[in-house]
>>> print(open('work30.cif').read())   # mmCIF, C-alpha atoms and all ligand atoms
data_model
loop_
_atom_site.group_PDB
_atom_site.id
_atom_site.type_symbol
_atom_site.label_atom_id
_atom_site.label_comp_id
_atom_site.auth_asym_id
_atom_site.auth_seq_id
_atom_site.Cartn_x
_atom_site.Cartn_y
_atom_site.Cartn_z
ATOM 1 C CA MET A 148 85.584 151.692 158.065
ATOM 2 C CA ILE A 149 88.250 152.604 155.549
ATOM 3 C CA LEU A 150 91.490 150.639 155.771
ATOM 4 C CA GLY A 151 94.218 152.451 153.842
ATOM 5 C CA ALA A 152 92.697 155.842 154.733
ATOM 6 C CA THR A 153 96.110 157.555 154.480
ATOM 7 C CA GLY A 154 96.642 156.491 150.834
ATOM 8 C CA LEU A 155 95.712 158.124 147.531
ATOM 9 C CA LEU A 156 92.242 156.564 147.331
ATOM 10 C CA GLY A 157 91.747 156.498 151.105
ATOM 11 C CA LYS A 158 92.104 160.275 151.362
ATOM 12 C CA ALA A 159 89.506 160.785 148.610
ATOM 13 C CA LEU A 160 87.144 158.346 150.348
ATOM 14 C CA MET A 161 87.568 160.196 153.644
ATOM 15 C CA SER A 162 86.694 163.551 152.073
ATOM 16 C CA GLU A 163 83.888 162.324 149.777
ATOM 17 C CA TRP A 164 82.021 160.132 152.298
ATOM 18 C CA SER A 165 79.273 162.154 153.944
ATOM 19 C CA ARG A 166 76.053 161.268 155.837
ATOM 20 C CA ASP A 167 77.580 158.173 157.469
ATOM 21 C CA GLU A 168 79.997 157.898 160.383
ATOM 22 C CA VAL A 169 83.400 156.956 158.938
ATOM 23 C CA VAL A 170 86.445 155.521 160.716
ATOM 24 C CA GLY A 171 89.659 155.812 158.678
ATOM 25 C CA LEU A 172 92.774 153.821 159.576
ATOM 26 C CA GLY A 173 96.324 153.773 158.203
ATOM 27 C CA SER A 174 99.108 151.244 158.754
ATOM 28 C CA ARG A 175 100.113 152.934 162.024
ATOM 29 C CA ASP A 176 96.651 152.243 163.435
ATOM 30 C CA VAL A 177 96.494 148.640 162.276
ATOM 31 C CA ASP A 178 98.831 146.454 160.244
ATOM 32 C CA ILE A 179 96.460 144.224 158.286
ATOM 33 C CA ARG A 180 98.997 141.372 158.489
ATOM 34 C CA ASP A 181 98.178 141.142 162.228
ATOM 35 C CA ALA A 182 94.967 139.051 162.285
ATOM 36 C CA ASP A 183 94.250 139.575 166.009
ATOM 37 C CA LYS A 184 94.657 143.337 165.798
ATOM 38 C CA VAL A 185 92.495 143.475 162.665
ATOM 39 C CA TYR A 186 89.721 141.616 164.460
ATOM 40 C CA GLU A 187 90.106 143.850 167.527
ATOM 41 C CA VAL A 188 89.698 147.143 165.600
ATOM 42 C CA VAL A 189 86.865 145.820 163.446
ATOM 43 C CA ALA A 190 84.980 144.369 166.423
ATOM 44 C CA LYS A 191 85.420 147.631 168.362
ATOM 45 C CA ALA A 192 84.120 149.892 165.580
ATOM 46 C CA SER A 193 81.557 147.343 164.364
ATOM 47 C CA PRO A 194 81.224 148.951 160.904
ATOM 48 C CA GLY A 195 78.420 148.208 158.463
ATOM 49 C CA TRP A 196 80.960 148.283 155.618
ATOM 50 C CA ILE A 197 84.716 147.906 155.408
ATOM 51 C CA VAL A 198 86.431 149.378 152.343
ATOM 52 C CA LEU A 199 89.808 147.691 152.042
ATOM 53 C CA ALA A 200 92.057 150.142 150.173
ATOM 54 C CA ALA A 201 95.173 149.194 152.168
ATOM 55 C CA ALA A 202 97.811 147.502 150.022
ATOM 56 C CA TYR A 203 101.493 147.293 149.198
ATOM 57 C CA THR A 204 101.195 149.166 145.910
ATOM 58 C CA ASN A 205 104.774 149.593 144.676
ATOM 59 C CA VAL A 206 104.465 147.274 141.685
ATOM 60 C CA ASP A 207 108.188 147.184 140.864
ATOM 61 C CA GLU A 208 109.294 146.660 144.484
ATOM 62 C CA CYS A 209 106.812 143.768 144.771
ATOM 63 C CA GLU A 210 109.013 141.824 142.314
ATOM 64 C CA SER A 211 111.915 141.821 144.801
ATOM 65 C CA HIS A 212 109.711 141.668 147.949
ATOM 66 C CA PRO A 213 107.173 138.910 147.213
ATOM 67 C CA ASP A 214 106.790 138.032 150.926
ATOM 68 C CA LEU A 215 105.671 141.565 151.659
ATOM 69 C CA ALA A 216 103.412 141.658 148.590
ATOM 70 C CA PHE A 217 101.613 138.415 149.461
ATOM 71 C CA GLY A 218 101.726 139.173 153.202
ATOM 72 C CA VAL A 219 99.877 142.478 152.841
ATOM 73 C CA ASN A 220 97.883 142.144 149.628
ATOM 74 C CA ARG A 221 96.667 138.552 149.977
ATOM 75 C CA ASP A 222 97.070 137.406 153.595
ATOM 76 C CA GLY A 223 96.231 140.837 155.042
ATOM 77 C CA ALA A 224 93.094 140.963 152.907
ATOM 78 C CA VAL A 225 92.067 137.503 154.144
ATOM 79 C CA ASN A 226 92.511 138.703 157.754
ATOM 80 C CA VAL A 227 90.129 141.570 157.023
ATOM 81 C CA ALA A 228 87.611 139.268 155.309
ATOM 82 C CA LYS A 229 87.633 136.904 158.300
ATOM 83 C CA ALA A 230 87.087 139.816 160.693
ATOM 84 C CA ALA A 231 84.243 141.064 158.486
ATOM 85 C CA LYS A 232 82.672 137.629 158.516
ATOM 86 C CA ARG A 233 82.924 137.290 162.323
ATOM 87 C CA THR A 234 81.429 140.741 162.946
ATOM 88 C CA GLY A 235 78.822 140.729 160.174
ATOM 89 C CA ALA A 236 80.400 143.665 158.274
ATOM 90 C CA LYS A 237 80.165 143.880 154.499
ATOM 91 C CA LEU A 238 83.437 144.145 152.594
ATOM 92 C CA LEU A 239 84.537 146.002 149.476
ATOM 93 C CA PHE A 240 88.070 145.080 148.389
ATOM 94 C CA LEU A 241 90.158 147.140 145.953
ATOM 95 C CA SER A 242 91.827 145.134 143.240
ATOM 96 C CA SER A 243 93.647 145.902 140.028
ATOM 97 C CA ASP A 244 93.865 145.535 136.246
ATOM 98 C CA TYR A 245 97.142 143.669 136.915
ATOM 99 C CA VAL A 246 95.126 140.492 137.579
ATOM 100 C CA PHE A 247 94.878 140.267 133.751
ATOM 101 C CA ASP A 248 97.627 139.428 131.277
ATOM 102 C CA GLY A 249 96.759 142.294 128.924
ATOM 103 C CA LYS A 250 96.545 140.059 125.856
ATOM 104 C CA LYS A 251 92.949 140.915 124.936
ATOM 105 C CA SER A 252 92.154 143.589 122.380
ATOM 106 C CA SER A 253 88.613 144.356 123.535
ATOM 107 C CA PRO A 254 87.602 145.694 126.978
ATOM 108 C CA TYR A 255 87.960 143.320 129.945
ATOM 109 C CA GLU A 256 84.700 142.165 131.508
ATOM 110 C CA ALA A 257 84.473 141.383 135.235
ATOM 111 C CA GLY A 258 84.142 137.652 134.500
ATOM 112 C CA ASP A 259 87.214 137.367 132.238
ATOM 113 C CA ALA A 260 89.874 134.882 133.344
ATOM 114 C CA ARG A 261 92.655 136.139 135.590
ATOM 115 C CA ASN A 262 96.204 135.581 134.393
ATOM 116 C CA PRO A 263 98.518 137.913 136.328
ATOM 117 C CA GLN A 264 102.039 138.468 134.997
ATOM 118 C CA SER A 265 103.664 140.184 138.003
ATOM 119 C CA VAL A 266 104.073 139.496 141.732
ATOM 120 C CA TYR A 267 101.743 142.404 142.535
ATOM 121 C CA GLY A 268 99.150 141.066 140.075
ATOM 122 C CA ARG A 269 99.416 137.553 141.515
ATOM 123 C CA SER A 270 99.036 138.853 145.078
ATOM 124 C CA LYS A 271 95.831 140.671 144.075
ATOM 125 C CA ALA A 272 94.468 137.761 142.013
ATOM 126 C CA GLU A 273 95.076 135.293 144.867
ATOM 127 C CA ALA A 274 93.469 137.727 147.310
ATOM 128 C CA GLU A 275 90.359 137.901 145.109
ATOM 129 C CA ILE A 276 90.069 134.105 144.997
ATOM 130 C CA ARG A 277 90.576 133.693 148.770
ATOM 131 C CA LEU A 278 88.152 136.512 149.593
ATOM 132 C CA LEU A 279 85.416 134.962 147.474
ATOM 133 C CA GLU A 280 85.943 131.715 149.438
ATOM 134 C CA VAL A 281 85.876 133.383 152.874
ATOM 135 C CA LEU A 282 83.131 135.894 152.112
ATOM 136 C CA PRO A 283 81.324 134.944 148.869
ATOM 137 C CA GLU A 284 79.053 137.994 149.062
ATOM 138 C CA CYS A 285 81.943 140.511 149.207
ATOM 139 C CA CYS A 286 82.424 143.182 146.538
ATOM 140 C CA ILE A 287 85.660 143.288 144.545
ATOM 141 C CA ALA A 288 86.241 146.638 142.855
ATOM 142 C CA ARG A 289 89.014 146.517 140.273
ATOM 143 C CA THR A 290 90.485 149.810 139.171
ATOM 144 C CA SER A 291 93.476 151.038 137.147
ATOM 145 C CA TRP A 292 95.849 153.955 136.544
ATOM 146 C CA LEU A 293 94.768 155.784 139.697
ATOM 147 C CA PHE A 294 95.571 159.492 140.030
ATOM 148 C CA GLY A 295 94.650 162.198 142.507
ATOM 149 C CA THR A 296 96.057 164.879 144.764
ATOM 150 C CA GLY A 297 96.431 162.562 147.781
ATOM 151 C CA GLY A 298 99.776 161.011 146.825
ATOM 152 C CA LYS A 299 102.289 160.047 144.171
ATOM 153 C CA CYS A 300 100.702 159.446 140.766
ATOM 154 C CA PHE A 301 101.466 159.599 137.034
ATOM 155 C CA PRO A 302 100.148 163.132 136.274
ATOM 156 C CA ASP A 303 102.051 164.530 139.259
ATOM 157 C CA THR A 304 105.299 162.913 138.066
ATOM 158 C CA ILE A 305 104.759 164.142 134.491
ATOM 159 C CA LEU A 306 104.091 167.700 135.669
ATOM 160 C CA LYS A 307 107.197 167.761 137.869
ATOM 161 C CA LEU A 308 109.359 166.450 135.002
ATOM 162 C CA ALA A 309 107.743 168.745 132.412
ATOM 163 C CA ALA A 310 108.563 171.767 134.551
ATOM 164 C CA THR A 311 112.305 171.099 134.217
ATOM 165 C CA ARG A 312 112.781 169.256 130.899
ATOM 166 C CA PRO A 313 112.253 170.326 127.280
ATOM 167 C CA ALA A 314 111.076 166.832 126.240
ATOM 168 C CA LEU A 315 109.667 163.665 127.833
ATOM 169 C CA ASP A 316 109.649 160.090 126.489
ATOM 170 C CA VAL A 317 106.483 158.175 127.439
ATOM 171 C CA VAL A 318 105.397 154.638 126.498
ATOM 172 C CA ASN A 319 102.801 154.396 123.764
ATOM 173 C CA ASP A 320 102.232 150.621 123.604
ATOM 174 C CA GLN A 321 100.318 150.169 126.875
ATOM 175 C CA ARG A 322 96.620 151.046 126.811
ATOM 176 C CA GLY A 323 94.360 151.446 129.819
ATOM 177 C CA CYS A 324 91.881 153.667 131.644
ATOM 178 C CA PRO A 325 92.982 156.476 133.968
ATOM 179 C CA THR A 326 90.913 156.779 137.151
ATOM 180 C CA TYR A 327 90.528 159.918 139.271
ATOM 181 C CA SER A 328 90.518 159.086 142.995
ATOM 182 C CA VAL A 329 87.537 161.407 143.595
ATOM 183 C CA ASP A 330 85.403 159.678 140.923
ATOM 184 C CA LEU A 331 86.477 156.242 142.158
ATOM 185 C CA ALA A 332 85.608 157.192 145.754
ATOM 186 C CA ARG A 333 82.140 158.368 144.675
ATOM 187 C CA ALA A 334 81.498 155.128 142.783
ATOM 188 C CA ILE A 335 82.643 153.039 145.762
ATOM 189 C CA ILE A 336 80.336 154.927 148.122
ATOM 190 C CA GLU A 337 77.470 154.353 145.687
ATOM 191 C CA LEU A 338 78.274 150.622 145.466
ATOM 192 C CA CYS A 339 78.213 150.336 149.272
ATOM 193 C CA ARG A 340 74.896 152.183 149.447
ATOM 194 C CA LYS A 341 73.534 149.769 146.838
ATOM 195 C CA SER A 342 74.815 146.723 148.780
ATOM 196 C CA ALA A 343 76.918 145.612 145.808
ATOM 197 C CA SER A 344 78.448 142.173 145.675
ATOM 198 C CA GLY A 345 80.615 140.366 143.115
ATOM 199 C CA ILE A 346 83.229 141.897 140.835
ATOM 200 C CA ALA A 347 82.930 145.433 139.438
ATOM 201 C CA HIS A 348 85.291 147.310 137.127
ATOM 202 C CA ILE A 349 85.629 151.003 138.020
ATOM 203 C CA THR A 350 87.622 153.460 135.914
ATOM 204 C CA ASN A 351 86.919 156.773 134.231
ATOM 205 C CA SER A 352 85.377 156.239 130.817
ATOM 206 C CA GLY A 353 87.429 156.170 127.615
ATOM 207 C CA ASP A 354 90.951 154.810 127.251
ATOM 208 C CA CYS A 355 94.392 155.963 126.197
ATOM 209 C CA SER A 356 98.076 155.062 126.162
ATOM 210 C CA TRP A 357 100.443 156.507 128.774
ATOM 211 C CA PHE A 358 101.837 158.738 125.999
ATOM 212 C CA GLU A 359 98.356 160.085 125.153
ATOM 213 C CA PHE A 360 97.654 160.612 128.849
ATOM 214 C CA ALA A 361 100.939 162.505 129.328
ATOM 215 C CA ARG A 362 100.291 164.661 126.234
ATOM 216 C CA GLU A 363 96.870 165.663 127.624
ATOM 217 C CA ILE A 364 98.389 166.415 131.053
ATOM 218 C CA VAL A 365 101.048 168.708 129.582
ATOM 219 C CA LYS A 366 98.513 170.365 127.252
ATOM 220 C CA GLY A 367 96.212 171.008 130.228
ATOM 221 C CA THR A 368 98.862 173.095 131.976
ATOM 222 C CA GLY A 369 100.051 175.050 128.946
ATOM 223 C CA LEU A 370 103.690 173.918 129.280
ATOM 224 C CA ALA A 371 105.743 173.803 126.055
ATOM 225 C CA THR A 372 107.382 170.436 126.895
ATOM 226 C CA GLU A 373 107.457 168.033 123.977
ATOM 227 C CA VAL A 374 106.000 164.557 124.729
ATOM 228 C CA ARG A 375 107.511 161.788 122.592
ATOM 229 C CA PRO A 376 106.107 158.247 122.143
ATOM 230 C CA VAL A 377 108.435 155.326 122.939
ATOM 231 C CA SER A 378 107.998 151.565 123.342
ATOM 232 C CA SER A 379 107.898 149.604 126.635
ATOM 233 C CA GLN A 380 111.143 147.921 125.581
ATOM 234 C CA GLN A 381 112.877 151.296 125.599
ATOM 235 C CA MET A 382 111.642 151.921 129.168
ATOM 236 C CA ALA A 383 112.146 148.487 130.784
ATOM 237 C CA ARG A 384 110.809 148.167 134.354
ATOM 238 C CA PRO A 385 111.201 145.287 136.880
ATOM 239 C CA ALA A 386 107.476 144.334 136.793
ATOM 240 C CA PRO A 387 105.773 143.554 133.472
ATOM 241 C CA ARG A 388 102.741 145.740 132.724
ATOM 242 C CA PRO A 389 99.639 144.539 130.847
ATOM 243 C CA ALA A 390 99.838 145.886 127.277
ATOM 244 C CA TYR A 391 96.066 146.308 127.194
ATOM 245 C CA SER A 392 93.938 146.636 130.326
ATOM 246 C CA VAL A 393 90.909 148.634 129.201
ATOM 247 C CA PHE A 394 87.870 147.835 131.368
ATOM 248 C CA SER A 395 84.314 147.410 130.167
ATOM 249 C CA PRO A 396 81.851 149.567 132.154
ATOM 250 C CA LYS A 397 79.075 146.918 132.066
ATOM 251 C CA SER A 398 79.624 145.600 135.606
ATOM 252 C CA LEU A 399 79.220 149.135 136.965
ATOM 253 C CA GLN A 400 76.325 150.071 134.707
ATOM 254 C CA GLN A 401 74.224 147.320 136.295
ATOM 255 C CA TYR A 402 74.222 149.501 139.440
ATOM 256 C CA GLY A 403 73.227 152.559 137.396
ATOM 257 C CA ILE A 404 76.667 154.139 137.849
ATOM 258 C CA ALA A 405 78.228 156.040 134.928
ATOM 259 C CA MET A 406 81.781 157.345 135.167
ATOM 260 C CA PRO A 407 82.933 160.703 133.711
ATOM 261 C CA ALA A 408 85.422 160.698 130.810
ATOM 262 C CA TRP A 409 89.076 160.622 131.877
ATOM 263 C CA GLN A 410 89.740 163.935 130.067
ATOM 264 C CA ASP A 411 87.070 165.619 132.215
ATOM 265 C CA ALA A 412 88.494 163.964 135.344
ATOM 266 C CA LEU A 413 91.984 165.194 134.438
ATOM 267 C CA LYS A 414 90.730 168.804 134.135
ATOM 268 C CA ARG A 415 89.210 168.592 137.629
ATOM 269 C CA TYR A 416 92.404 167.039 139.012
ATOM 270 C CA LEU A 417 94.545 169.842 137.525
ATOM 271 C CA GLN A 418 92.182 172.407 139.057
ATOM 272 C CA GLU A 419 92.272 170.644 142.462
ATOM 273 C CA ARG A 420 96.073 170.522 142.267
ATOM 274 C CA LYS A 421 96.228 174.293 141.689
ATOM 275 C CA ASN A 422 94.022 175.079 144.716
HETATM 276 N N1 LIG B 1 97.477 153.303 142.427
HETATM 277 C C1 LIG B 1 96.997 152.650 141.372
HETATM 278 O O1 LIG B 1 97.259 152.985 140.193
HETATM 279 C C2 LIG B 1 96.085 151.451 141.588
HETATM 280 C C3 LIG B 1 95.636 150.752 140.456
HETATM 281 C C4 LIG B 1 94.809 149.656 140.647
HETATM 282 C C5 LIG B 1 94.438 149.282 141.925
HETATM 283 N N2 LIG B 1 94.897 149.970 142.996
HETATM 284 C C6 LIG B 1 94.494 149.520 144.335
HETATM 285 O O2 LIG B 1 93.703 150.538 144.930
HETATM 286 C C7 LIG B 1 93.923 150.555 146.345
HETATM 287 C C8 LIG B 1 94.322 151.932 146.793
HETATM 288 O O3 LIG B 1 95.549 152.277 146.163
HETATM 289 P P1 LIG B 1 96.327 153.624 146.507
HETATM 290 O O4 LIG B 1 97.071 154.033 145.290
HETATM 291 O O5 LIG B 1 95.391 154.585 147.185
HETATM 292 O O6 LIG B 1 97.389 153.098 147.576
HETATM 293 P P2 LIG B 1 98.501 153.936 148.355
HETATM 294 O O7 LIG B 1 98.378 155.386 148.087
HETATM 295 O O8 LIG B 1 99.809 153.266 148.128
HETATM 296 O O9 LIG B 1 98.074 153.708 149.884
HETATM 297 C C9 LIG B 1 98.221 152.448 150.456
HETATM 298 C C10 LIG B 1 97.520 152.460 151.794
HETATM 299 O O10 LIG B 1 97.683 151.158 152.363
HETATM 300 C C11 LIG B 1 98.148 151.298 153.683
HETATM 301 N N3 LIG B 1 98.961 150.137 154.025
HETATM 302 C C12 LIG B 1 100.075 149.676 153.397
HETATM 303 N N4 LIG B 1 100.519 148.578 154.021
HETATM 304 C C13 LIG B 1 99.675 148.330 155.050
HETATM 305 C C14 LIG B 1 99.605 147.343 156.058
HETATM 306 N N5 LIG B 1 100.518 146.345 156.141
HETATM 307 N N6 LIG B 1 98.610 147.408 156.962
HETATM 308 C C15 LIG B 1 97.684 148.393 156.908
HETATM 309 N N7 LIG B 1 97.686 149.362 155.976
HETATM 310 C C16 LIG B 1 98.688 149.325 155.056
HETATM 311 C C17 LIG B 1 98.944 152.593 153.691
HETATM 312 O O11 LIG B 1 99.024 153.061 155.021
HETATM 313 P P3 LIG B 1 100.197 154.108 155.489
HETATM 314 O O12 LIG B 1 100.275 155.179 154.461
HETATM 315 O O13 LIG B 1 99.647 154.624 156.795
HETATM 316 O O14 LIG B 1 101.452 153.318 155.591
HETATM 317 C C18 LIG B 1 98.065 153.466 152.795
HETATM 318 O O15 LIG B 1 96.995 153.997 153.532
HETATM 319 C C19 LIG B 1 94.954 149.462 146.616
HETATM 320 O O16 LIG B 1 94.309 148.263 146.946
HETATM 321 C C20 LIG B 1 95.645 149.290 145.278
HETATM 322 O O17 LIG B 1 96.211 148.000 145.143
HETATM 323 C C21 LIG B 1 95.701 151.047 142.856
#
>>> encode(input="work30.cif", output="structure tokens")
Amino acid sequence: MILGATGLLGKALMSEWSRDEVVGLGSRDVDIRDADKVYEVVAKASPGWIVLAAAYTNVDECESHPDLAFGVNRDGAVNVAKAAKRTGAKLLFLSSDYVFDGKKSSPYEAGDARNPQSVYGRSKAEAEIRLLEVLPECCIARTSWLFGTGGKCFPDTILKLAATRPALDVVNDQRGCPTYSVDLARAIIELCRKSASGIAHITNSGDCSWFEFAREIVKGTGLATEVRPVSSQQMARPAPRPAYSVFSPKSLQQYGIAMPAWQDALKRYLQERKN
């Protein structure tokens, strides 16, 4: 069962998951804040695995809507974990690099201490802690900088802006790992098939700044738009972003899963976008 099947990752999971019977649900089918309804749909479908990709993901809006952020991202996730526990389903929960403060200068390991700086990050960090209490054997898959053709994402925004502007200013002092929804979906499916439990970090391999990512996106389409590096201070946003959120691949490598480089993933995304 995929909860959040109508989202960016959910759509990739729905198209990549073969061999097994898959039930995909969006918020119209079940609001995860409704514990009774969550139990009802889970008990009815009786899935072997639940992948919980449903979340309130607008990081900036979370700052002004903390009730919604905690209601969906933490309390909703706990409802799903309790339903999984009652029905015997296994659970894989999607979490985020925002659980970290971004103050490290070497890649984050799965066991590094959480220290979220935003409402969204706190809602995900508290969800992780509660889920490990309710269902200690669950799998927490943290990802970052998600992009894909199934919804709004950074490369899509850059391409739309680049088509109409001669130059773009993009922050160069935040470093992370882009993640293609298709590659993330494949890794998640693999983790479920391998009965994974505990925390895993899943991103494409390599890292970059948003500026470097944007430059590669524009280059990949042959547009002449100039991409200029700026600082986060020049582009202030309501929610603070981790300055450094590069993930170590070790937690994933223990399952024998290797992720393609983000540059390769970007090429495939641009091709998929054209089709
Ligand atoms: N995007 C990123 O860069 C990023 C980075 C790190 C981690 N993540 C995590 O990865 C997961 C997938 O992200 P995404 O970008 O694919 O998300 P998304 O495109 O924003 O999709 C969110 C999904 O959650 C569903 N949803 C929202 N509120 C709900 C509720 N109250 N009850 C039930 N379903 C609800 C939506 O359903 P409807 O569309 O039907 O309303 C949609 O299917 C999330 O857990 C997110 O926190 C994302």
>>> residues_near_ligand(input="work30.cif", ligand="ligand LIG 1 (chain B)", cutoff="9 Å", atoms="all atoms listed in the file", output="PDB file with C-alpha atoms, in the coordinates of the input")
ATOM      1  CA  LEU A 150      91.490 150.639 155.771  1.00  0.00           C
ATOM      2  CA  GLY A 151      94.218 152.451 153.842  1.00  0.00           C
ATOM      3  CA  ALA A 152      92.697 155.842 154.733  1.00  0.00           C
ATOM      4  CA  THR A 153      96.110 157.555 154.480  1.00  0.00           C
ATOM      5  CA  GLY A 154      96.642 156.491 150.834  1.00  0.00           C
ATOM      6  CA  LEU A 155      95.712 158.124 147.531  1.00  0.00           C
ATOM      7  CA  LEU A 156      92.242 156.564 147.331  1.00  0.00           C
ATOM      8  CA  GLY A 157      91.747 156.498 151.105  1.00  0.00           C
ATOM      9  CA  LYS A 158      92.104 160.275 151.362  1.00  0.00           C
ATOM     10  CA  ALA A 159      89.506 160.785 148.610  1.00  0.00           C
ATOM     11  CA  LEU A 172      92.774 153.821 159.576  1.00  0.00           C
ATOM     12  CA  GLY A 173      96.324 153.773 158.203  1.00  0.00           C
ATOM     13  CA  SER A 174      99.108 151.244 158.754  1.00  0.00           C
ATOM     14  CA  ARG A 175     100.113 152.934 162.024  1.00  0.00           C
ATOM     15  CA  ASP A 176      96.651 152.243 163.435  1.00  0.00           C
ATOM     16  CA  VAL A 177      96.494 148.640 162.276  1.00  0.00           C
ATOM     17  CA  ASP A 178      98.831 146.454 160.244  1.00  0.00           C
ATOM     18  CA  ILE A 179      96.460 144.224 158.286  1.00  0.00           C
ATOM     19  CA  ARG A 180      98.997 141.372 158.489  1.00  0.00           C
ATOM     20  CA  ASP A 181      98.178 141.142 162.228  1.00  0.00           C
ATOM     21  CA  LEU A 199      89.808 147.691 152.042  1.00  0.00           C
ATOM     22  CA  ALA A 200      92.057 150.142 150.173  1.00  0.00           C
ATOM     23  CA  ALA A 201      95.173 149.194 152.168  1.00  0.00           C
ATOM     24  CA  ALA A 202      97.811 147.502 150.022  1.00  0.00           C
ATOM     25  CA  TYR A 203     101.493 147.293 149.198  1.00  0.00           C
ATOM     26  CA  THR A 204     101.195 149.166 145.910  1.00  0.00           C
ATOM     27  CA  ASN A 205     104.774 149.593 144.676  1.00  0.00           C
ATOM     28  CA  VAL A 206     104.465 147.274 141.685  1.00  0.00           C
ATOM     29  CA  LEU A 215     105.671 141.565 151.659  1.00  0.00           C
ATOM     30  CA  GLY A 218     101.726 139.173 153.202  1.00  0.00           C
ATOM     31  CA  VAL A 219      99.877 142.478 152.841  1.00  0.00           C
ATOM     32  CA  ASN A 220      97.883 142.144 149.628  1.00  0.00           C
ATOM     33  CA  GLY A 223      96.231 140.837 155.042  1.00  0.00           C
ATOM     34  CA  PHE A 240      88.070 145.080 148.389  1.00  0.00           C
ATOM     35  CA  LEU A 241      90.158 147.140 145.953  1.00  0.00           C
ATOM     36  CA  SER A 242      91.827 145.134 143.240  1.00  0.00           C
ATOM     37  CA  SER A 243      93.647 145.902 140.028  1.00  0.00           C
ATOM     38  CA  ASP A 244      93.865 145.535 136.246  1.00  0.00           C
ATOM     39  CA  TYR A 245      97.142 143.669 136.915  1.00  0.00           C
ATOM     40  CA  TYR A 267     101.743 142.404 142.535  1.00  0.00           C
ATOM     41  CA  LYS A 271      95.831 140.671 144.075  1.00  0.00           C
ATOM     42  CA  ALA A 288      86.241 146.638 142.855  1.00  0.00           C
ATOM     43  CA  ARG A 289      89.014 146.517 140.273  1.00  0.00           C
ATOM     44  CA  THR A 290      90.485 149.810 139.171  1.00  0.00           C
ATOM     45  CA  SER A 291      93.476 151.038 137.147  1.00  0.00           C
ATOM     46  CA  TRP A 292      95.849 153.955 136.544  1.00  0.00           C
ATOM     47  CA  LEU A 293      94.768 155.784 139.697  1.00  0.00           C
ATOM     48  CA  PHE A 294      95.571 159.492 140.030  1.00  0.00           C
ATOM     49  CA  GLY A 295      94.650 162.198 142.507  1.00  0.00           C
ATOM     50  CA  GLY A 297      96.431 162.562 147.781  1.00  0.00           C
ATOM     51  CA  GLY A 298      99.776 161.011 146.825  1.00  0.00           C
ATOM     52  CA  LYS A 299     102.289 160.047 144.171  1.00  0.00           C
ATOM     53  CA  CYS A 300     100.702 159.446 140.766  1.00  0.00           C
ATOM     54  CA  PHE A 301     101.466 159.599 137.034  1.00  0.00           C
ATOM     55  CA  PRO A 325      92.982 156.476 133.968  1.00  0.00           C
ATOM     56  CA  THR A 326      90.913 156.779 137.151  1.00  0.00           C
ATOM     57  CA  SER A 328      90.518 159.086 142.995  1.00  0.00           C
TER      58      SER A 328
END
>>> closest_residue(input="work30.cif", among="A:Leu238, A:Ala383, A:Ala190, A:Pro302", to="Glu275 (chain A)", atoms="all atoms listed in the file")
A:Leu238
>>> closest_residue(input="work30.cif", among="A:Tyr327, A:Val225, A:Glu337, A:Val266", to="Leu282 (chain A)", atoms="all atoms listed in the file")
A:Val225
>>> closest_residue(input="work30.cif", among="A:Leu279, A:Ile197, A:Ala390, A:Val189", to="Ser342 (chain A)", atoms="all atoms listed in the file")
A:Ile197
>>> resolve_selection(input="work30.cif", expression="the PyMOL selection byres (((chain A and resi 409) around 8) and not hetatm)", output="VMD selection string")
chain A and resid 324 to 327 351 to 354 407 to 408 410 to 413
>>> write_last_selection(input="work30.cif", atoms="C-alpha atoms", output="PDB file, in the frame of the given file")
ATOM      1  CA  CYS A 324      91.881 153.667 131.644  1.00  0.00           C
ATOM      2  CA  PRO A 325      92.982 156.476 133.968  1.00  0.00           C
ATOM      3  CA  THR A 326      90.913 156.779 137.151  1.00  0.00           C
ATOM      4  CA  TYR A 327      90.528 159.918 139.271  1.00  0.00           C
ATOM      5  CA  ASN A 351      86.919 156.773 134.231  1.00  0.00           C
ATOM      6  CA  SER A 352      85.377 156.239 130.817  1.00  0.00           C
ATOM      7  CA  GLY A 353      87.429 156.170 127.615  1.00  0.00           C
ATOM      8  CA  ASP A 354      90.951 154.810 127.251  1.00  0.00           C
ATOM      9  CA  PRO A 407      82.933 160.703 133.711  1.00  0.00           C
ATOM     10  CA  ALA A 408      85.422 160.698 130.810  1.00  0.00           C
ATOM     11  CA  GLN A 410      89.740 163.935 130.067  1.00  0.00           C
ATOM     12  CA  ASP A 411      87.070 165.619 132.215  1.00  0.00           C
ATOM     13  CA  ALA A 412      88.494 163.964 135.344  1.00  0.00           C
ATOM     14  CA  LEU A 413      91.984 165.194 134.438  1.00  0.00           C
TER      15      LEU A 413
END
>>> resolve_selection(input="work30.cif", expression="the PyMOL selection byres (((chain A and resi 265) around 9) and not hetatm)", output="PyMOL selection string")
chain A and resi 206-207+209-210+245-246+263-264+266-270+386-388
>>> resolve_selection(input="work30.cif", expression="the PyMOL selection byres (((chain A and resi 320) around 8) and not hetatm)", output="JSON, numbers by chain")
{"A": [318, 319, 321, 322, 356, 377, 378, 379, 390]}
>>> closest_residue(input="work30.cif", among="A:Thr296, A:Leu160, A:Leu308, A:Glu373", to="Asn422 (chain A)", atoms="all atoms listed in the file")
A:Thr296
>>> residues_around(input="work30.cif", residues="Asp167 (chain A)", least_positions_apart="5", cutoff="12 Å", atoms="all atoms listed in the file", output="list of chain:residue names")
A:Met148, A:Leu160, A:Met161, A:Ser162, A:Pro194, A:Gly195, A:Trp196, A:Ile336, A:Cys339, A:Arg340
>>> atom_distance(input="work30.cif", atom1="CA of Gln418 (chain A)", atom2="CA of Trp357 (chain A)")
20.7 Å
